[in-house]
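Listing of model-v5.csv; format and content: CSV, C-alpha atoms and all ligand atoms.
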chain,number,residue,atom,x,y,z
A,92,MET,CA,-9.5,-17.4,-34.8
A,93,ASP,CA,-7.3,-14.4,-34.7
A,94,LYS,CA,-10.0,-11.8,-35.3
A,95,VAL,CA,-12.3,-11.4,-32.3
A,96,SER,CA,-15.4,-11.2,-34.5
A,97,GLN,CA,-16.3,-9.2,-37.6
A,98,ASN,CA,-16.1,-5.4,-37.0
A,99,LYS,CA,-16.1,-5.8,-33.3
A,100,ILE,CA,-13.6,-3.8,-31.2
A,101,VAL,CA,-12.8,-5.3,-27.9
A,102,ARG,CA,-12.6,-2.3,-25.5
A,103,LEU,CA,-10.0,-2.1,-22.8
A,104,SER,CA,-12.6,-1.1,-20.3
A,105,LYS,CA,-16.2,0.1,-20.4
A,106,SER,CA,-19.2,1.0,-18.3
A,107,CYS,CA,-21.8,-1.7,-17.9
A,108,ILE,CA,-25.2,0.0,-17.6
A,109,GLY,CA,-28.5,-1.8,-17.7
A,110,SER,CA,-32.2,-0.9,-17.6
A,111,ALA,CA,-32.2,-0.6,-13.8
A,112,GLU,CA,-29.7,2.2,-13.9
A,113,LYS,CA,-31.5,4.0,-16.7
A,114,ASN,CA,-34.8,3.8,-14.9
A,115,ALA,CA,-33.3,5.1,-11.7
A,116,VAL,CA,-31.9,8.1,-13.6
A,117,MET,CA,-35.3,8.7,-15.2
A,118,GLY,CA,-36.9,8.6,-11.7
A,119,VAL,CA,-34.5,11.4,-10.5
A,120,LEU,CA,-35.2,13.5,-13.6
A,121,ASP,CA,-39.0,13.0,-13.2
A,122,ARG,CA,-38.9,14.0,-9.5
A,123,GLY,CA,-37.0,17.2,-10.5
A,124,TYR,CA,-34.5,17.2,-7.7
A,125,LEU,CA,-31.1,16.6,-9.4
A,126,GLY,CA,-28.7,18.0,-6.9
A,127,MET,CA,-27.6,16.4,-3.6
A,128,GLY,CA,-30.4,14.9,-1.7
A,129,ALA,CA,-32.3,11.7,-1.0
A,130,GLU,CA,-30.5,9.5,-3.5
A,131,VAL,CA,-27.1,10.5,-2.2
A,132,GLN,CA,-28.2,9.8,1.3
A,133,ASN,CA,-29.5,6.4,0.3
A,134,PHE,CA,-26.3,5.6,-1.6
A,135,GLU,CA,-24.3,6.6,1.4
A,136,GLU,CA,-26.4,4.4,3.7
A,137,ALA,CA,-26.1,1.5,1.3
A,138,LEU,CA,-22.3,1.9,1.2
A,139,THR,CA,-22.2,2.3,4.9
A,140,SER,CA,-23.8,-1.1,5.4
A,141,TYR,CA,-21.6,-2.6,2.6
A,142,PHE,CA,-18.4,-1.5,4.4
A,143,GLY,CA,-19.7,-1.5,8.0
A,144,ARG,CA,-18.3,2.0,8.4
A,145,PRO,CA,-19.5,5.5,7.7
A,146,VAL,CA,-19.1,6.8,4.2
A,147,ALA,CA,-19.1,10.3,2.5
A,148,CYS,CA,-19.8,10.4,-1.2
A,149,VAL,CA,-18.2,13.1,-3.4
A,150,GLY,CA,-18.0,14.0,-7.1
A,151,THR,CA,-14.9,12.0,-8.0
A,152,GLY,CA,-12.4,9.6,-6.6
A,153,THR,CA,-9.8,12.3,-6.9
A,154,ALA,CA,-11.9,14.7,-4.8
A,155,ALA,CA,-12.3,11.9,-2.2
A,156,LEU,CA,-8.5,11.6,-1.9
A,157,GLN,CA,-7.9,15.4,-1.7
A,158,LEU,CA,-10.7,15.9,0.9
A,159,ALA,CA,-9.4,13.0,3.0
A,160,LEU,CA,-5.9,14.4,2.9
A,161,GLU,CA,-7.2,17.9,3.9
A,162,ALA,CA,-9.3,16.4,6.6
A,163,ILE,CA,-6.3,14.9,8.4
A,164,GLY,CA,-4.5,18.3,8.1
A,165,VAL,CA,-2.2,17.6,5.2
A,166,GLY,CA,-1.0,20.9,3.6
A,167,ASN,CA,1.9,23.1,2.6
A,168,GLY,CA,5.3,21.7,3.5
A,169,ASP,CA,4.1,18.2,4.2
A,170,GLU,CA,5.2,15.1,2.4
A,171,VAL,CA,3.1,12.1,1.5
A,172,LEU,CA,4.5,8.8,0.3
A,173,VAL,CA,2.9,7.3,-2.8
A,174,PRO,CA,4.0,4.8,-5.4
A,175,SER,CA,5.0,6.4,-8.7
A,176,LEU,CA,3.2,3.7,-10.7
A,177,THR,CA,-0.4,5.1,-10.2
A,178,TYR,CA,-2.9,7.2,-12.0
A,179,VAL,CA,-1.9,10.9,-11.9
A,180,ALA,CA,-5.0,11.5,-9.7
A,181,SER,CA,-3.1,10.1,-6.7
A,182,PHE,CA,-0.3,12.7,-7.2
A,183,GLN,CA,-2.6,15.5,-8.1
A,184,SER,CA,-4.8,15.0,-5.0
A,185,ILE,CA,-1.7,15.4,-2.8
A,186,SER,CA,-0.2,18.4,-4.6
A,187,ALA,CA,-3.7,20.0,-4.6
A,188,THR,CA,-3.4,20.3,-0.8
A,189,GLY,CA,0.0,22.1,-1.1
A,190,ALA,CA,1.8,19.0,0.1
A,191,MET,CA,4.6,17.2,-1.8
A,192,PRO,CA,4.0,13.7,-3.3
A,193,VAL,CA,7.1,11.6,-2.6
A,194,ALA,CA,7.4,9.0,-5.3
A,195,CYS,CA,8.1,5.5,-4.0
A,196,ASP,CA,9.3,2.4,-5.8
A,197,ILE,CA,7.3,-0.8,-6.2
A,198,ASN,CA,7.6,-4.5,-5.7
A,199,ALA,CA,8.7,-6.1,-9.0
A,200,ASN,CA,6.0,-8.8,-8.7
A,201,SER,CA,3.0,-7.2,-7.3
A,202,LEU,CA,3.7,-3.7,-8.7
A,203,LEU,CA,2.4,-2.4,-5.3
A,204,ILE,CA,4.4,0.1,-3.2
A,205,ASP,CA,7.6,-1.3,-1.8
A,206,ILE,CA,7.4,-0.8,1.9
A,207,ASN,CA,11.1,-0.9,2.5
A,208,ASP,CA,11.7,1.6,-0.2
A,209,ALA,CA,9.0,3.9,1.3
A,210,GLU,CA,10.7,3.7,4.7
A,211,LYS,CA,13.9,5.1,3.2
A,212,ARG,CA,12.1,8.1,1.9
A,213,ILE,CA,10.6,9.2,5.3
A,214,THR,CA,11.7,12.6,6.5
A,215,ASN,CA,10.6,14.8,9.4
A,216,LYS,CA,8.0,16.3,6.9
A,217,THR,CA,6.4,13.0,6.1
A,218,VAL,CA,2.8,12.9,7.5
A,219,ALA,CA,1.0,10.2,5.5
A,220,ILE,CA,1.3,7.3,3.2
A,221,MET,CA,-1.0,6.6,0.3
A,222,PRO,CA,-0.8,2.9,-0.9
A,223,VAL,CA,-2.5,2.4,-4.2
A,224,HIS,CA,-4.4,-0.9,-4.6
A,225,TYR,CA,-3.1,-1.4,-8.1
A,226,SER,CA,-5.3,-3.8,-10.2
A,227,GLY,CA,-7.5,-4.4,-7.1
A,228,ALA,CA,-4.8,-6.0,-5.0
A,229,VAL,CA,-3.7,-4.7,-1.6
A,230,GLY,CA,-0.4,-6.5,-0.9
A,231,GLU,CA,1.1,-6.6,2.6
A,232,LEU,CA,-1.3,-4.2,4.2
A,233,ASP,CA,-0.4,-5.3,7.7
A,234,ALA,CA,3.3,-4.5,7.1
A,235,LEU,CA,2.3,-1.1,5.6
A,236,TYR,CA,0.2,-0.3,8.7
A,237,LYS,CA,3.0,-1.3,10.9
A,238,LEU,CA,5.3,1.1,9.1
A,239,ALA,CA,2.7,3.8,9.4
A,240,HIS,CA,2.4,3.2,13.1
A,241,LYS,CA,6.1,3.2,13.7
A,242,TYR,CA,6.5,6.7,12.1
A,243,ASN,CA,3.1,8.0,13.3
A,244,LEU,CA,1.8,8.4,9.7
A,245,ARG,CA,-1.8,8.5,8.6
A,246,VAL,CA,-2.8,6.0,5.9
A,247,ILE,CA,-5.0,7.0,3.0
A,248,GLU,CA,-5.6,4.0,0.8
A,249,ASP,CA,-6.2,4.8,-2.8
A,250,ALA,CA,-8.7,2.0,-3.3
A,251,ALA,CA,-10.0,3.3,-6.6
A,252,HIS,CA,-9.2,-0.1,-8.2
A,253,ALA,CA,-10.3,-2.2,-5.2
A,254,PHE,CA,-14.0,-1.8,-4.7
A,255,GLY,CA,-15.2,-5.3,-3.5
A,256,SER,CA,-11.7,-6.6,-2.8
A,257,SER,CA,-10.9,-8.2,0.6
A,258,TYR,CA,-7.8,-8.6,2.7
A,259,LYS,CA,-7.6,-11.5,5.1
A,260,GLY,CA,-11.4,-12.0,4.7
A,261,VAL,CA,-12.3,-8.3,5.5
A,262,ARG,CA,-13.5,-5.9,2.8
A,263,VAL,CA,-11.1,-3.1,1.8
A,264,GLY,CA,-12.6,0.0,3.4
A,265,GLY,CA,-14.0,-2.0,6.3
A,266,PHE,CA,-10.7,-1.8,8.3
A,267,GLY,CA,-7.7,0.5,8.6
A,268,ASP,CA,-7.5,4.2,8.7
A,269,ILE,CA,-9.1,5.9,5.6
A,270,ALA,CA,-10.0,4.3,2.2
A,271,CYS,CA,-11.0,6.3,-0.9
A,272,PHE,CA,-12.9,4.8,-3.8
A,273,SER,CA,-13.7,6.0,-7.3
A,274,PHE,CA,-17.0,5.4,-9.1
A,275,ASP,CA,-15.9,6.8,-12.4
A,276,GLY,CA,-17.3,5.3,-15.6
A,277,ILE,CA,-15.0,2.2,-15.8
A,278,LYS,CA,-14.4,1.3,-12.2
A,279,ASN,CA,-15.7,-1.9,-10.5
A,280,ILE,CA,-19.0,0.0,-10.0
A,281,THR,CA,-19.8,3.4,-11.4
A,282,SER,CA,-22.1,6.3,-10.5
A,283,GLY,CA,-21.2,8.0,-13.8
A,284,GLU,CA,-18.5,9.9,-12.0
A,285,GLY,CA,-18.1,9.8,-8.3
A,286,GLY,CA,-16.2,8.6,-5.3
A,287,CYS,CA,-16.3,8.1,-1.6
A,288,VAL,CA,-14.3,8.3,1.6
A,289,VAL,CA,-14.7,5.5,4.1
A,290,THR,CA,-13.3,5.7,7.7
A,291,LYS,CA,-14.2,5.1,11.2
A,292,ASP,CA,-12.7,8.5,12.1
A,293,ILE,CA,-15.9,10.6,12.4
A,294,THR,CA,-13.9,13.9,12.7
A,295,VAL,CA,-12.4,13.2,9.3
A,296,LEU,CA,-15.8,12.2,7.9
A,297,SER,CA,-17.5,15.3,9.2
A,298,ARG,CA,-14.8,17.5,7.7
A,299,VAL,CA,-15.2,15.8,4.4
A,300,ARG,CA,-18.9,16.3,4.6
A,301,ASP,CA,-18.6,20.0,5.1
A,302,ALA,CA,-15.7,20.5,2.7
A,303,ARG,CA,-17.5,18.9,-0.2
A,304,LEU,CA,-20.2,21.7,0.2
A,305,LEU,CA,-18.0,24.7,0.1
A,306,GLY,CA,-17.2,24.4,3.8
A,307,VAL,CA,-20.8,25.2,4.8
A,308,GLU,CA,-21.2,23.6,8.2
A,309,LYS,CA,-23.8,20.9,8.6
A,310,ASP,CA,-25.2,21.6,5.1
A,311,THR,CA,-25.4,17.8,4.4
A,312,GLU,CA,-27.9,17.3,7.2
A,313,LYS,CA,-30.1,20.1,5.9
A,314,ARG,CA,-30.0,18.8,2.3
A,315,TYR,CA,-31.0,15.3,3.5
A,316,SER,CA,-34.0,16.7,5.2
A,317,ASN,CA,-34.9,18.7,2.0
A,318,GLN,CA,-33.9,22.1,3.4
A,319,ARG,CA,-31.4,24.7,2.4
A,320,SER,CA,-28.9,26.5,4.7
A,321,TRP,CA,-29.9,30.1,4.4
A,322,GLU,CA,-28.0,31.0,7.5
A,323,PHE,CA,-24.8,29.2,7.9
A,324,GLU,CA,-21.2,29.3,9.1
A,325,VAL,CA,-18.0,28.6,7.2
A,326,SER,CA,-14.8,28.1,9.2
A,327,ALA,CA,-12.5,26.2,6.7
A,328,GLN,CA,-11.7,26.1,3.0
A,329,GLY,CA,-14.2,24.0,1.1
A,330,TRP,CA,-14.9,22.9,-2.4
A,331,ARG,CA,-17.9,22.1,-4.6
A,332,TYR,CA,-17.2,18.4,-4.6
A,333,HIS,CA,-20.5,16.9,-3.7
A,334,MET,CA,-22.3,14.0,-5.5
A,335,SER,CA,-25.6,14.6,-7.3
A,336,ASN,CA,-28.8,12.6,-7.1
A,337,VAL,CA,-28.4,11.5,-10.7
A,338,MET,CA,-25.0,10.0,-9.9
A,339,ALA,CA,-26.1,8.4,-6.7
A,340,ALA,CA,-29.1,6.8,-8.5
A,341,ILE,CA,-26.8,5.0,-10.9
A,342,GLY,CA,-24.4,4.0,-8.0
A,343,LEU,CA,-27.3,2.5,-6.0
A,344,GLU,CA,-28.3,0.2,-8.8
A,345,GLN,CA,-24.7,-0.7,-9.6
A,346,LEU,CA,-24.1,-1.6,-6.0
A,347,LYS,CA,-27.1,-4.0,-6.1
A,348,ARG,CA,-25.4,-5.7,-9.1
A,349,MET,CA,-22.0,-5.9,-7.5
A,350,ASP,CA,-21.9,-9.7,-7.1
A,351,GLU,CA,-22.9,-10.2,-10.8
A,352,LEU,CA,-20.4,-7.6,-12.1
A,353,SER,CA,-17.5,-8.8,-9.9
A,354,GLU,CA,-18.1,-12.4,-10.8
A,355,VAL,CA,-17.4,-11.7,-14.4
A,356,ARG,CA,-14.3,-9.7,-13.7
A,357,ARG,CA,-13.0,-12.5,-11.4
A,358,SER,CA,-13.7,-15.3,-13.8
A,359,ARG,CA,-12.2,-13.5,-16.8
A,360,ALA,CA,-9.0,-12.7,-14.8
A,361,LYS,CA,-8.8,-16.4,-13.8
A,362,LEU,CA,-9.1,-17.4,-17.4
A,363,TYR,CA,-6.4,-15.0,-18.4
A,364,ASP,CA,-4.2,-16.5,-15.7
A,365,SER,CA,-4.8,-20.0,-16.7
A,366,LEU,CA,-4.1,-19.4,-20.4
A,367,LEU,CA,-1.0,-17.2,-19.9
A,368,LYS,CA,0.8,-19.1,-17.1
A,369,ASN,CA,4.0,-21.0,-17.9
A,370,GLN,CA,4.8,-18.6,-20.7
A,371,ALA,CA,8.5,-17.8,-20.5
A,372,LYS,CA,8.2,-14.1,-21.4
A,373,ILE,CA,4.9,-13.3,-19.6
A,374,LYS,CA,4.9,-12.5,-16.0
A,375,LEU,CA,1.5,-12.5,-14.2
A,376,LEU,CA,0.5,-10.5,-11.1
A,377,PRO,CA,0.4,-12.7,-8.0
A,378,ASN,CA,-3.3,-12.0,-7.5
A,379,ASP,CA,-5.8,-14.3,-5.7
A,380,TYR,CA,-9.0,-13.6,-7.6
A,381,ASP,CA,-11.2,-15.2,-4.9
A,382,GLN,CA,-10.0,-12.5,-2.5
A,383,ILE,CA,-9.9,-9.5,-4.8
A,384,VAL,CA,-12.1,-8.0,-7.5
A,385,PRO,CA,-9.8,-7.0,-10.4
A,386,HIS,CA,-10.3,-3.6,-12.0
A,387,ILE,CA,-7.6,-4.1,-14.6
A,388,TYR,CA,-5.7,-7.1,-15.9
A,389,VAL,CA,-2.0,-6.3,-16.2
A,390,VAL,CA,0.9,-8.6,-17.5
A,391,GLN,CA,4.6,-7.8,-17.6
A,392,ILE,CA,6.3,-8.8,-20.8
A,393,LYS,CA,10.0,-9.5,-20.2
A,394,GLY,CA,12.3,-7.6,-22.4
A,395,LEU,CA,9.6,-5.3,-23.9
A,396,LYS,CA,10.9,-1.9,-24.6
A,397,GLY,CA,7.8,0.2,-24.6
A,398,GLN,CA,4.3,-0.6,-25.7
A,399,GLY,CA,3.9,1.2,-29.0
A,400,GLU,CA,4.4,-1.8,-31.3
A,401,ILE,CA,2.4,-4.4,-29.3
A,402,GLN,CA,-0.5,-2.0,-28.9
A,403,GLU,CA,-0.5,-1.4,-32.6
A,404,TYR,CA,-0.4,-5.2,-33.2
A,405,PHE,CA,-3.5,-5.7,-30.9
A,406,ILE,CA,-5.4,-2.8,-32.5
A,407,LYS,CA,-4.9,-4.4,-35.9
A,408,HIS,CA,-6.7,-7.4,-34.5
A,409,GLY,CA,-9.5,-5.2,-33.1
A,410,ILE,CA,-8.3,-5.1,-29.5
A,411,GLN,CA,-7.6,-2.1,-27.3
A,412,THR,CA,-4.8,-2.5,-24.7
A,413,GLY,CA,-3.6,0.0,-22.1
A,414,VAL,CA,-0.6,1.1,-20.1
A,415,HIS,CA,-1.3,1.5,-16.4
A,416,TYR,CA,0.7,3.8,-15.8
A,417,GLN,CA,3.4,6.2,-16.9
A,418,PRO,CA,5.5,6.7,-13.8
A,419,ASN,CA,4.5,10.0,-12.2
A,420,HIS,CA,8.0,10.9,-11.0
A,421,LEU,CA,8.9,11.3,-14.7
A,422,LEU,CA,6.1,13.8,-15.4
A,423,ASP,CA,7.2,17.5,-15.8
A,424,TYR,CA,5.3,18.7,-12.8
A,425,TYR,CA,6.7,16.1,-10.4
A,426,LYS,CA,10.2,15.5,-11.7
A,427,LYS,CA,11.5,18.7,-10.1
A,428,LYS,CA,11.9,16.9,-6.8
A,429,LYS,CA,15.0,14.7,-7.1
A,430,GLY,CA,15.1,11.8,-4.7
A,431,LEU,CA,16.4,8.3,-4.6
A,432,PRO,CA,16.1,6.5,-7.9
A,433,LEU,CA,13.1,4.2,-8.8
A,434,PRO,CA,14.7,1.4,-10.8
A,435,VAL,CA,11.9,-1.2,-10.4
A,436,THR,CA,9.2,1.3,-11.5
A,437,GLU,CA,11.2,2.5,-14.5
A,438,CYS,CA,11.9,-1.1,-15.7
A,439,ALA,CA,8.2,-2.2,-15.1
A,440,ALA,CA,7.0,0.9,-17.0
A,441,ASN,CA,8.4,-0.5,-20.2
A,442,GLU,CA,7.1,-4.0,-19.7
A,443,ILE,CA,3.6,-3.6,-18.5
A,444,LEU,CA,0.5,-4.1,-20.7
A,445,THR,CA,-3.1,-4.0,-19.7
A,446,LEU,CA,-5.4,-6.4,-21.4
A,447,PRO,CA,-9.2,-5.8,-21.8
A,448,LEU,CA,-11.2,-6.5,-18.7
A,449,HIS,CA,-14.8,-5.5,-18.0
A,450,PRO,CA,-18.1,-7.2,-17.4
A,451,GLU,CA,-18.9,-7.6,-21.1
A,452,ILE,CA,-15.7,-9.3,-22.2
A,453,THR,CA,-16.5,-12.9,-23.3
A,454,GLU,CA,-14.5,-16.0,-22.6
A,455,GLN,CA,-13.9,-16.2,-26.4
A,456,ASP,CA,-12.5,-12.7,-26.4
A,457,VAL,CA,-10.1,-13.7,-23.6
A,458,LYS,CA,-9.0,-16.8,-25.5
A,459,VAL,CA,-8.3,-14.8,-28.7
A,460,ILE,CA,-6.4,-12.1,-26.8
A,461,CYS,CA,-4.2,-14.7,-25.1
A,462,SER,CA,-3.4,-16.6,-28.2
A,463,LEU,CA,-2.4,-13.3,-29.9
A,464,LEU,CA,-0.2,-12.3,-27.0
A,465,ILE,CA,1.5,-15.7,-26.9
A,466,ASN,CA,2.1,-15.4,-30.7
A,467,TYR,CA,3.6,-12.0,-30.3
A,468,CYS,CA,5.9,-13.1,-27.5
A,469,GLY,CA,7.0,-16.1,-29.4
A,470,LYS,CA,8.3,-14.2,-32.4
B,1,LIG,C1,-9.7,6.2,-11.1
B,1,LIG,C2,-8.6,6.4,-10.1
B,1,LIG,C3,-8.5,7.6,-9.3
B,1,LIG,C4,-9.4,8.7,-9.3
B,1,LIG,O1,-10.7,8.5,-9.5
B,1,LIG,P1,-11.7,9.5,-10.3
B,1,LIG,O2,-13.0,9.1,-9.9
B,1,LIG,O3,-11.4,9.2,-11.8
B,1,LIG,O4,-11.3,10.9,-9.9
B,1,LIG,C5,-7.5,7.6,-8.3
B,1,LIG,N1,-6.6,6.7,-8.3
B,1,LIG,C6,-6.6,5.6,-9.1
B,1,LIG,C7,-5.5,4.6,-9.0
B,1,LIG,C8,-7.6,5.5,-10.1
B,1,LIG,O5,-7.5,4.5,-10.9

How does this structure look as C-alpha cells?
Ligand SMILES: *Cc1c(COP(=O)(O)O)cnc(C)c1O
Amino acid sequence: MDKVSQNKIVRLSKSCIGSAEKNAVMGVLDRGYLGMGAEVQNFEEALTSYFGRPVACVGTGTAALQLALEAIGVGNGDEVLVPSLTYVASFQSISATGAMPVACDINANSLLIDINDAEKRITNKTVAIMPVHYSGAVGELDALYKLAHKYNLRVIEDAAHAFGSSYKGVRVGGFGDIACFSFDGIKNITSGEGGCVVTKDITVLSRVRDARLLGVEKDTEKRYSNQRSWEFEVSAQGWRYHMSNVMAAIGLEQLKRMDELSEVRRSRAKLYDSLLKNQAKIKLLPNDYDQIVPHIYVVQIKGLKGQGEIQEYFIKHGIQTGVHYQPNHLLDYYKKKKGLPLPVTECAANEILTLPLHPEITEQDVKVICSLLINYCGK
C-alpha cells in the first residue's frame, strides 16, 4: 500500500493532451499556416466569450504580465507591489519594464498577499499592485481593490494559477482591472506555451495587441484577415510575443475540455483535504474547491525546516513533490532592495510542500500520498 504501483512515478504536474488536441495540431500543420492567424483569432474569441471580456493572446503568461504592465505605462522608476511567494515570472515581468518589484508579505493561512502589509510598502513611486492567485485562490479581492482605489493603483492580477476560478460567483478575469493567465504546459489548460491578457480597458488591450507584434500598429487585424502589413507605422517599443496557430489550436481544444479537466482537479483536491484534515502538524489552505479550480495542492507542515528530506522520502516511494516557491526577495537579483522584513513568507517557505495534482492523478494515488505524508509527520 505504500508504493503507488510498480514502476510508476506519480508526477507533481503534467500536461493532459488527448486526440482532439493532436488532431487540431495536425490540422494546422496540414494547412501550412503556422504563425499567428485564424486559430489565434478563434481562441481569442472563445476566451472572450468565456470571460465576457476582450482577450489578447500572447506567447507566455510572463509576456502577458509584462505587456499588461507596459500598457498601463509602468516603467523606469516605478514600483509595483507583489507577494514574494510567487513564481519568479511575476518579478521578472515587473523588472523587465524597468520598474521595481516591491516584495510583500503573505497571509499565514492563505499564502496570498497580505493587504495590510502591502499598504505599508506604498510610496509615491507605487503605481500598481500584482496580487498572485496562488494555488487558484483569490483571497479578499474586494479589499485589495479597495486599497488600490484608495491609492490610485492599477491592479494586474497574476491569475496564472486561477484559470476557471470564481470569486463571489464571477469568473476571475470577468471582473476587476486586468487579469493575466498562463497556458504553459502544466497549467489548468495549456496551449503548449502561451498566455493571455483579459481586461475591459480597450486602450490597454489594443496596446498589448500592437506590442506583441513588435509594435506594428494594427498588425493583428491584418493577420486575422490573412494579410501582411507591408506598409506600417511603429510608435512604441514592442516585442515578438505573439501566439502561434499551433499553440492556439491546442488551447481551443483544451478550453472545450475545461469542465472535465477542472472537475478532476477539484475532486482530487477535496479528497486531499478530507484525508489530511485534523492532522496536528498539517495545515491546509482555506480553499473552497467549489469556487476555485486548484492548479497546485499545497500543505504547510508545522516545524518543517526545509523540504530536502521529505522530498527525498516521497521520491523513494515514487512520488514527485514540489516547493512553490522560494521567496523572490531572497534571490540575488532582487535582494538588493532592502525593505521591511517578510517574516511570514520566510517561515512559510520552510514549511510548504506541494503534492501531486493534475488530471491524471487517481484517487488511489491521493490516498497513498496522504498516508505517506501522515506517516512522515507522525515520526
Ligand atoms: C506559470 C506562471 C507564470 C508565468 O506563466 P508562463 O506562461 O510560464 O510564462 C506567472 N506567474 C505564476 C504564478 C505562474 O505560475

| Excluding same-chain residues fewer than 5 positions from region 330-334 of chain A, what lies within 7 Å of it counting all atoms listed in the file, as a ChimeraX atom specification? | /A:127,131,148-150,154,285,302-306,339

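Near ligand LIG 1 (chain B), the residues found within 6 Å are Thr151, Gly152, Thr153, Thr177, Tyr178, Ala180, Ser181, Asp249, Ala251, His252, Ser273, Phe274, Asp275, Glu284, Gly285 and Gly286 of chain A (criterion computed using all atoms listed in the file).
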
| field | Nearby residues (all atoms listed in the file) at most 10 Å from Ser201 (chain A), same-chain spacing under 2 positions excluded, as JSON, numbers by chain | value | {"A": [197, 198, 199, 203, 204, 205, 225, 226, 228, 229, 230, 375, 376, 377, 378]}

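Picture a line from CA of Tyr242 (chain A) to CA of Asn419 (chain A); it runs 24.6 Å.
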
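For the pair CA of Glu170 (chain A) and CA of Lys429 (chain A), the separation is 13.7 Å.
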
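Across A:Ala371, A:Ala129, A:Ile465, A:Ile452, the tightest approach to Lys393 (chain A) is made by A:Ala371 when counting only C-alpha atoms.
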
| request: Taking (-16.6, 9.3, 1.5) in the file's own coordinates, collect the residues within 9 Å, counting all atoms listed in the file, and hand them back as JSON, numbers by chain. | output: {"A": [135, 145, 146, 147, 148, 149, 155, 158, 159, 270, 271, 272, 286, 287, 288, 289, 290, 296, 299, 300]}

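For the atom pair formed by CA of Lys374 (chain A) and CA of Glu403 (chain A), the distance is 20.7 Å, given to one decimal.
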
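When all atoms listed in the file are used to compute distances to Val119 (chain A), the closest of the residues A:Gln157, A:Gln132, A:Asn336, A:Gln417 turns out to be A:Asn336.
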
Which residues of region 260-284 of chain A come within 10 Å of region 99-112 of chain A, and for each one, what is the closest pair of atoms and their distance in Å to one decimal, counting all atoms listed in the file, sorted by chain and residue number, as CSV?
residue,atom,partner,partner_atom,distance
A:Asp275,CA,A:Ser106,CA,8.9
A:Gly276,CA,A:Ser106,CA,5.4
A:Ile277,CA,A:Ser106,CA,5.0
A:Lys278,CA,A:Ser106,CA,7.8
A:Asn279,CA,A:Ser106,CA,9.0
A:Ile280,CA,A:Ser106,CA,8.4
A:Thr281,CA,A:Ser106,CA,7.3
A:Ser282,CA,A:Glu112,CA,9.3
A:Gly283,CA,A:Ser106,CA,8.6

| query | So which one's closest to Pro447 (chain A), A:Leu367, A:Val179, A:Cys468, A:Ala360? Using all atoms listed in the file, please. | reply | A:Ala360

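Nearest to Val173 (chain A) of all the residues A:Ala209, A:Leu433, A:Val384, A:Leu238 is A:Ala209, counting all atoms listed in the file.
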
| task | Pick out the residues sitting within 12 Å of Ser140 (chain A), and hand them over as a PyMOL selection string; count all atoms listed in the file, and ignore anything fewer than 3 positions along from it in its own chain. | result | chain A and resi 133-137+143-146+262+264-265+289+346

| said: Could you list, as a PyMOL selection string, every residue within 12 Å of Lys372 (chain A), counting only C-alpha atoms and ignoring same-chain residues fewer than 5 positions away? | reply: chain A and resi 367+390-395+442-443+464-470

| task | Fewer than 3 positions away in the same chain doesn't count, so skip those; otherwise give me all residues within 12 Å of Tyr425 (chain A), counting only C-alpha atoms, as a ChimeraX atom specification. | result | /A:175,179,182-183,185-186,190-194,418-422,428-430

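The smallest atom-to-atom distance between Ile293 (chain A) and any of A:Ser184, A:Lys241, A:Lys407, A:Ala162, using all atoms listed in the file, is found for A:Ala162.
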
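The closest residue to Glu130 (chain A), picked from A:Glu210, A:Glu344, A:Glu400, A:Asp456 and counting all atoms listed in the file, is A:Glu344.
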